[in-house]
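coords_16.tsv follows (TSV, C-alpha atoms):
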chain	number	residue	atom	x	y	z
A	205	MET	CA	0.00	0.00	0.00
A	206	LYS	CA	2.68	2.40	-1.14
A	207	ASN	CA	0.23	5.18	-2.01
A	208	VAL	CA	-1.41	5.04	1.42
A	209	ASP	CA	2.00	5.63	2.94
A	210	LYS	CA	2.63	8.56	0.57
A	211	ILE	CA	-0.71	10.12	1.52
A	212	MET	CA	-0.26	9.66	5.26
A	213	HIS	CA	3.19	11.27	5.15
A	214	HIS	CA	2.28	14.06	2.74
A	215	PRO	CA	2.81	17.48	4.41
A	216	LEU	CA	-0.56	18.76	3.16
A	217	TYR	CA	-2.32	15.68	4.52
A	218	ILE	CA	-0.61	16.03	7.88
A	219	SER	CA	-1.42	19.74	8.19
A	220	SER	CA	-5.03	19.24	7.07
A	221	MET	CA	-5.61	16.43	9.57
A	222	LYS	CA	-4.02	18.52	12.33
A	223	LYS	CA	-6.39	21.38	11.49
A	224	ILE	CA	-9.39	19.03	11.75
A	225	GLU	CA	-8.13	17.65	15.06
A	226	ASP	CA	-7.65	21.15	16.48
A	227	MET	CA	-11.05	22.37	15.32
A	228	GLU	CA	-12.92	19.31	16.58
A	229	LYS	CA	-11.19	18.87	19.94
A	230	ASP	CA	-14.30	20.02	21.84
A	231	ARG	CA	-16.84	18.55	19.43
A	232	ILE	CA	-19.43	16.32	21.13
A	233	PHE	CA	-20.56	14.77	17.85
A	234	CYS	CA	-18.65	12.38	15.61
A	235	ARG	CA	-15.11	13.45	14.88
A	236	HIS	CA	-13.31	13.13	11.57
A	237	GLY	CA	-9.75	12.20	12.49
A	238	MET	CA	-7.52	9.28	11.61
A	239	GLU	CA	-9.53	6.79	13.68
A	240	HIS	CA	-12.67	7.56	11.66
A	241	CYS	CA	-10.78	7.38	8.35
A	242	LEU	CA	-9.35	3.98	9.20
A	243	ASP	CA	-12.74	2.68	10.35
A	244	VAL	CA	-14.19	3.78	7.00
A	245	ALA	CA	-11.32	2.08	5.15
A	246	ARG	CA	-11.76	-1.22	6.96
A	247	ILE	CA	-15.53	-1.28	6.48
A	248	ALA	CA	-15.13	-0.39	2.80
A	249	CYS	CA	-12.63	-3.25	2.36
A	250	ILE	CA	-15.03	-5.71	3.99
A	251	GLU	CA	-17.84	-4.52	1.75
A	252	ALA	CA	-15.62	-4.74	-1.35
A	253	LEU	CA	-14.87	-8.37	-0.48
A	254	ARG	CA	-18.57	-9.08	0.07
A	255	GLN	CA	-19.43	-7.57	-3.30
A	256	LYS	CA	-16.41	-9.21	-4.98
A	257	LEU	CA	-15.29	-5.86	-6.36
A	258	ASP	CA	-11.94	-5.63	-8.10
A	259	LEU	CA	-10.59	-2.69	-6.10
A	260	SER	CA	-7.19	-2.67	-4.45
A	261	MET	CA	-6.79	-2.04	-0.74
A	262	ASP	CA	-4.44	0.79	-1.70
A	263	LEU	CA	-7.23	2.50	-3.64
A	264	ILE	CA	-9.87	1.93	-0.94
A	265	TYR	CA	-7.65	3.04	1.95
A	266	SER	CA	-6.49	6.11	0.03
A	267	ALA	CA	-10.05	7.22	-0.67
A	268	ALA	CA	-11.02	6.64	2.96
A	269	LEU	CA	-8.03	8.61	4.25
A	270	LEU	CA	-8.94	11.53	2.00
A	271	HIS	CA	-12.75	11.56	2.23
A	272	ASP	CA	-13.02	14.09	5.10
A	273	ILE	CA	-9.75	15.97	4.50
A	274	GLY	CA	-11.65	19.18	3.68
A	275	ARG	CA	-13.33	19.46	7.10
A	276	GLY	CA	-10.85	22.02	8.41
A	277	GLN	CA	-11.32	24.25	5.40
A	278	GLU	CA	-15.11	23.90	5.74
A	279	TYR	CA	-14.90	25.12	9.34
A	280	GLU	CA	-12.77	28.10	8.28
A	281	SER	CA	-14.41	29.21	5.04
A	282	GLY	CA	-17.80	27.52	4.81
A	283	LEU	CA	-16.91	25.71	1.57
A	284	SER	CA	-18.41	22.20	1.72
A	285	HIS	CA	-15.91	19.69	2.97
A	286	GLU	CA	-16.55	17.55	-0.09
A	287	GLN	CA	-15.49	20.36	-2.43
A	288	ALA	CA	-12.61	21.42	-0.19
A	289	GLY	CA	-11.60	17.76	0.12
A	290	TRP	CA	-11.62	17.38	-3.65
A	291	GLN	CA	-9.27	20.36	-3.98
A	292	ILE	CA	-6.88	19.19	-1.26
A	293	SER	CA	-6.97	15.57	-2.44
A	294	SER	CA	-6.16	16.62	-6.00
A	295	ARG	CA	-2.94	18.19	-4.79
A	296	ILE	CA	-2.00	15.25	-2.58
A	297	LEU	CA	-2.73	12.68	-5.31
A	298	GLU	CA	-0.23	14.42	-7.62
A	299	ASP	CA	2.49	12.90	-5.45
A	300	THR	CA	1.22	9.31	-5.62
A	301	ASP	CA	1.69	6.55	-8.16
A	302	PHE	CA	-2.01	6.17	-8.96
A	303	ASP	CA	-2.84	6.35	-12.64
A	304	GLU	CA	-5.28	9.01	-13.88
A	305	GLU	CA	-8.30	6.68	-13.77
A	306	GLU	CA	-7.57	5.72	-10.16
A	307	LYS	CA	-7.15	9.37	-9.19
A	308	LYS	CA	-10.46	10.13	-10.87
A	309	GLN	CA	-12.18	7.34	-8.89
A	310	ILE	CA	-10.77	8.62	-5.60
A	311	LEU	CA	-11.70	12.23	-6.31
A	312	GLN	CA	-15.24	11.22	-7.32
A	313	ALA	CA	-15.59	9.24	-4.10
A	314	VAL	CA	-14.34	12.20	-2.01
A	315	LEU	CA	-16.71	14.56	-3.80
A	316	SER	CA	-19.74	12.26	-3.50
A	317	HIS	CA	-19.26	10.41	-0.21
A	318	ARG	CA	-22.20	12.13	1.53
A	319	ARG	CA	-24.72	11.48	-1.22
A	320	SER	CA	-26.93	8.45	-1.05
A	321	ASP	CA	-26.98	6.91	-4.52
A	322	GLY	CA	-28.51	3.65	-3.43
A	323	CYS	CA	-26.37	0.56	-3.75
A	324	ARG	CA	-23.61	1.68	-6.10
A	325	GLN	CA	-21.06	-1.04	-6.58
A	326	ASP	CA	-17.99	1.10	-7.02
A	327	LEU	CA	-15.54	3.04	-4.88
A	328	THR	CA	-18.00	5.88	-4.33
A	329	GLY	CA	-20.71	3.48	-3.15
A	330	LEU	CA	-18.28	1.74	-0.81
A	331	LEU	CA	-17.21	5.03	0.72
A	332	GLN	CA	-20.79	6.22	1.12
A	333	LYS	CA	-21.82	3.08	2.96
A	334	ALA	CA	-18.67	2.80	5.05
A	335	ASP	CA	-18.74	6.45	6.09
A	336	HIS	CA	-22.29	6.13	7.37
A	337	THR	CA	-22.04	2.70	8.96
A	338	SER	CA	-18.76	3.47	10.71
A	339	ARG	CA	-20.61	5.56	13.28
A	340	LEU	CA	-21.59	3.93	16.57
A	341	CYS	CA	-24.63	6.12	17.15
A	342	PHE	CA	-26.21	3.62	19.52
A	343	LEU	CA	-23.31	4.16	21.94
A	344	CYS	CA	-23.11	7.94	21.59
A	345	SER	CA	-23.77	10.19	24.57
A	346	ALA	CA	-24.81	12.97	22.16
A	347	TRP	CA	-27.67	10.94	20.61
A	348	GLU	CA	-30.31	13.54	21.52
A	349	GLN	CA	-28.25	16.53	20.31
A	350	CYS	CA	-27.18	14.92	17.04
A	351	ASN	CA	-28.22	16.57	13.77
A	352	TRP	CA	-29.00	13.22	12.16
A	353	CYS	CA	-32.64	12.19	12.30
A	354	ASN	CA	-33.22	9.05	14.37
A	355	GLU	CA	-33.96	6.98	11.25
A	356	ASP	CA	-30.50	7.78	9.87
A	357	LYS	CA	-28.62	6.98	13.08
A	358	ASN	CA	-26.97	3.61	13.34
A	359	SER	CA	-28.73	1.52	15.94
A	360	THR	CA	-26.78	-1.68	15.30
A	361	ILE	CA	-23.24	-2.78	14.52
A	362	GLU	CA	-24.29	-4.59	11.36
A	363	LEU	CA	-23.17	-3.29	7.99
Since I need it in another form, could you write the structure as structure tokens?
Amino acid sequence: MKNVDKIMHHPLYISSMKKIEDMEKDRIFCRHGMEHCLDVARIACIEALRQKLDLSMDLIYSAALLHDIGRGQEYESGLSHEQAGWQISSRILEDTDFDEEEKKQILQAVLSHRRSDGCRQDLTGLLQKADHTSRLCFLCSAWEQCNWCNEDKNSTIEL
């Protein structure tokens, strides 16, 4: 997973994740740090195996690491974190060995990870499902204050 390593050690990735960590340190709702990104990656990999999708772990983990990278910029400027994440991810992906099609898949997944397109069987669909199901709403002390409607909250650990 050489590209995952390049992303995790990229100066822009490190500074963007630090910004998110600093801005969410007092957040009572779900946070968007490395733990969340890795949970999303693992769930997406499980789902890719279930669906028998031909996607590398490098591609899946990279998309998961980048999917919320724009959160810090969203907090500062109001630009959606998907759009900000697309911009930041584009710059980071320049320094990886992904081919243009793989970069396009990752950027599309970053840009669309909050949409619900049903049961897409591609990287975007994996990221959408994994991002949502990674949350342990049923254990959260902020259940009542959460912005998600109760029907959207995860009440089970099942995928």
Best match for closeness to Val314 of chain A among A:Ser359, A:Gln349, A:Ser293, A:Ser220, counting only C-alpha atoms:
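Using only C-alpha atoms, the shortest distance to Val314 of chain A belongs to A:Ser293.
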Close residues, segment 253-257 of chain A itself excluded, 10 Å, only C-alpha atoms, min 6 positions apart in chain, as a PyMOL selection string
chain A and resi 247+325-327+330
Pick the closest to Ile310 of chain A from A:Phe342, A:Trp347, A:Tyr265, A:Trp352: which is it, counting all atoms listed in the file?
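Among the listed residues, the smallest separation from Ile310 of chain A belongs to A:Tyr265.
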If you count only C-alpha atoms, which residues fall within 10 Å of Glu280 of chain A, apart from same-chain ones fewer than 3 positions away, as a list in words?
Lys223, Met227, Arg275, Gly276, Gln277 and Leu283 of chain A
Which residue is closest to Arg319 of chain A? Choose from A:Cys353, A:Leu269, A:Leu331, A:Leu343 and count all atoms listed in the file.
A:Leu331
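With atom CA of Lys222 of chain A on one side and atom CA of His236 of chain A on the other, the separation reads 10.8 Å.
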Contacts of segment 241-245 of chain A within 10 Å, all atoms listed in the file, excl. fewer than 6 positions in-chain, as an MDAnalysis selection string
chainID A and resid 235 251 261:273 330:339
Would you put the residues from that selection into a file with C-alpha atoms, as a PDB file, in the frame of the given file?
ATOM      1  CA  ARG A 235     -15.110  13.450  14.880  1.00  0.00           C
ATOM      2  CA  GLU A 251     -17.840  -4.520   1.750  1.00  0.00           C
ATOM      3  CA  MET A 261      -6.790  -2.040  -0.740  1.00  0.00           C
ATOM      4  CA  ASP A 262      -4.440   0.790  -1.700  1.00  0.00           C
ATOM      5  CA  LEU A 263      -7.230   2.500  -3.640  1.00  0.00           C
ATOM      6  CA  ILE A 264      -9.870   1.930  -0.940  1.00  0.00           C
ATOM      7  CA  TYR A 265      -7.650   3.040   1.950  1.00  0.00           C
ATOM      8  CA  SER A 266      -6.490   6.110   0.030  1.00  0.00           C
ATOM      9  CA  ALA A 267     -10.050   7.220  -0.670  1.00  0.00           C
ATOM     10  CA  ALA A 268     -11.020   6.640   2.960  1.00  0.00           C
ATOM     11  CA  LEU A 269      -8.030   8.610   4.250  1.00  0.00           C
ATOM     12  CA  LEU A 270      -8.940  11.530   2.000  1.00  0.00           C
ATOM     13  CA  HIS A 271     -12.750  11.560   2.230  1.00  0.00           C
ATOM     14  CA  ASP A 272     -13.020  14.090   5.100  1.00  0.00           C
ATOM     15  CA  ILE A 273      -9.750  15.970   4.500  1.00  0.00           C
ATOM     16  CA  LEU A 330     -18.280   1.740  -0.810  1.00  0.00           C
ATOM     17  CA  LEU A 331     -17.210   5.030   0.720  1.00  0.00           C
ATOM     18  CA  GLN A 332     -20.790   6.220   1.120  1.00  0.00           C
ATOM     19  CA  LYS A 333     -21.820   3.080   2.960  1.00  0.00           C
ATOM     20  CA  ALA A 334     -18.670   2.800   5.050  1.00  0.00           C
ATOM     21  CA  ASP A 335     -18.740   6.450   6.090  1.00  0.00           C
ATOM     22  CA  HIS A 336     -22.290   6.130   7.370  1.00  0.00           C
ATOM     23  CA  THR A 337     -22.040   2.700   8.960  1.00  0.00           C
ATOM     24  CA  SER A 338     -18.760   3.470  10.710  1.00  0.00           C
ATOM     25  CA  ARG A 339     -20.610   5.560  13.280  1.00  0.00           C
TER      26      ARG A 339
END
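Applying the 10 Å criterion to (-11.1, 18.8, -3.2) in file coordinates and using all atoms listed in the file, one obtains the residues Leu270, His271, Asp272, Ile273, Gly274, Ser284, His285, Glu286, Gln287, Ala288, Gly289, Trp290, Gln291, Ile292, Ser293, Ser294, Arg295, Ile296, Leu311, Gln312, Val314 and Leu315 of chain A.
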From the options A:Glu225, A:Asp258, A:Glu305, A:Glu348, which residue's atoms come nearest to Glu239 of chain A, counting only C-alpha atoms?
A:Glu225
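Every protein or nucleic acid residue with an atom no more than 10 Å from Cys344 of chain A, counting all atoms listed in the file and leaving out same-chain residues fewer than 4 positions away, appears here: Ile232, Phe233, Cys234, Arg339, Leu340, Glu348 and Cys350 of chain A.
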Residue with the minimum atom-to-atom distance to Gly329 of chain A, picked from A:Cys249, A:Thr300, A:Ser281, A:Ser260 with all atoms listed in the file counted, is A:Cys249
Can you tell me how far atom CA of Ile211 of chain A sits from atom CA of Leu297 of chain A, in Å to one decimal?
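Between these atoms lies a distance of 7.6 Å.
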